[in-house]
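K.L.:
Structure provided below as structure tokens; questions to follow.
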Amino acid sequence: MEYMEDGLNAEKEGEILCCECGRSIPPNAANTCVDCLRTRVDITDGIPKQVSIYFCKNCERYFQPPSHWIKCALESRELLSICLKKLKGLAKVHLVDASFVWTEPHSKRLKVKLVIQKEVVGSTILQQTFIVEYTVQNQMCTDCHRVEAKDFWKAVVQLRQKVTHKKTFFYLEQLILKHSVHRNTLNIKQHENGLDFFFGQLDHARKMTDFFMNIVPCRYKTAKELVSHDIHSNTYNYKTTFSVEIAPVNKDSVVCLPKKLAGQLGNMSQICVCIRVNNVMQFIDPNTLQLCDVSSLAYWRTPFVALADHKHLTEYTVLQVERIENHSLKLSKGHGSISKKHLLADVWVMRTSDMGVVDQQFHCRSHLGHLLKAGDTALGFDVSTSNVNNKHFETVRQDSLPDVVLVRKVFGDRRKRHQKRKWKLKVLAKEEGETMDVDATQRDYLGFLEDLEEDPEYRKNVNIYIDRSKAVPVEPSESGDDEAPQISLQEMMDELNITDDESEGAVASSIT
């Protein structure tokens, strides 16, 4: 028995009694148990238990003092870092762990569970766990405030083109939407001769200017306006303007090339038709099917303007078409590449307005031999009766001038084509000017849609969406009156449009 009592005394030899509650505890410097020590000392004193953080609901970013806004997901490491930086007394303790406590996403509340340690009486380390509640308050960030103001900007890109229609701007609008170049714009204003893009940062304006330089043949100039000057810190506040000028030559424009430039491009004819405009302008000689590319640098070195665009073309009725074989072509030395997509033909036409009034026929050579047949309607430039004021046109020999330059074939009635169109395009949210001609803009837009239907190469960089408001056929109609080219269903995209009913159904299916 004495041996067992000695063993029990040995086990209790390393313990002491708490000086307040008398409970047996391991010895420590404070001679107090943990529970009694917590009643005397609160290591969370000085750390706020309720804090407010600011959230911008427009851009879904959180405010990080002093002046930064950061986009964070719920219960992410970035958001936890912002929450911890809001606690002022956290530097006086040792943070062991921090984690989120689940709350309702719509409750505007965030809860963070913290585990901290601190040295208290007699070098004793005390650990404590508590929860801090954060209230999410809505506040508009500085960037969104500038966007809503619509008048505050630091840089503007003025896009201009000296033409009578807006097909080029419609095409650029689709490229901007596809590449999301407009995401940093504060406002977009539409004018009679172009568009204005306003930005809050200079780098964003430079990025859009570089985008235009790589897409279309253009040049730009910059200008600065001093807004304010701080003499104490020697800082200047400028407003920068980028003036971008697009070459005044578009698709289906009839041009007269400078004589020197035509010789450098393979001794082709000076009277040409523009068939494509991207980072270079591509022209075709309607007499020989010879192609040439004019870069932006070459154009601005020897600029030229269009003799006629779409609004100056005359409607002709095709009377007869005789196709010309390739081996019978007579090409000059050093000629360029020959188009394989076009077919050369001798065409006899007559003005549609003179049908039954004047029996006057015109002969011309055209690159539209693969499309035209007797009875068709085509648009062309009437060279014989036009009064052209162009210095390059005066250098062309009169015996080499054609009577008519056919540009494109007309496929049916425009209204019927628009009614049968089963697709649509997205548009930019822009502010229209007071002097805008709405009817002319609508006609140009319908002409742009027709260009997309007729040229597959032209629409390959454009996002085309299915118009769900119209019945979409599985296969295009094969009726005789529907010879106009159409866009196949495989080339269309389905627009993402999630409604409330669909989202609730998706949530229910995920729960089940």
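Naming scheme: A, B, ... for chains in displayed order of the structure tokens; residues 1 onward per chain; ligands 1 onward as shown.
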Write out as a VMD selection string each polymer residue whose atoms come within 12 Å of Thr288 of chain A, counting only C-alpha atoms; drop sequence neighbours fewer than 3 positions from it.
P.N.:
chain A and resid 266 to 273 283 to 285 291 to 292 324 to 332 335 to 340 342 to 346 365 to 368
K.L.:
Considering only C-alpha atoms, state which residue in the set A:Val132, A:His418, A:Lys86, A:Gln64 is at the smallest distance from Val101 of chain A.
P.N.:
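Between A:Val132, A:His418, A:Lys86, A:Gln64, the residue approaching Val101 of chain A most closely is A:Val132.
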K.L.:
Which residue is closest to Lys424 of chain A? Choose from A:Asp293, A:Asp451, A:Glu495, A:Asp403 and count only C-alpha atoms.
P.N.:
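Of all the options, A:Glu495 lies closest to Lys424 of chain A.
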K.L.:
Considering only C-alpha atoms, return as a PyMOL selection string whatever protein or nucleic-acid residues lie within 10 Å of Leu186 of chain A, sequence-local ones (same chain, fewer than 3 positions apart) excluded.
P.N.:
chain A and resi 143-153+156+182-183+197-201
K.L.:
Between atom CA of Trp423 of chain A and atom CA of Ile176 of chain A, what is the distance in Å, rounded to a tenth?
P.N.:
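Rounded to one decimal, the two atoms are 19.1 Å apart.
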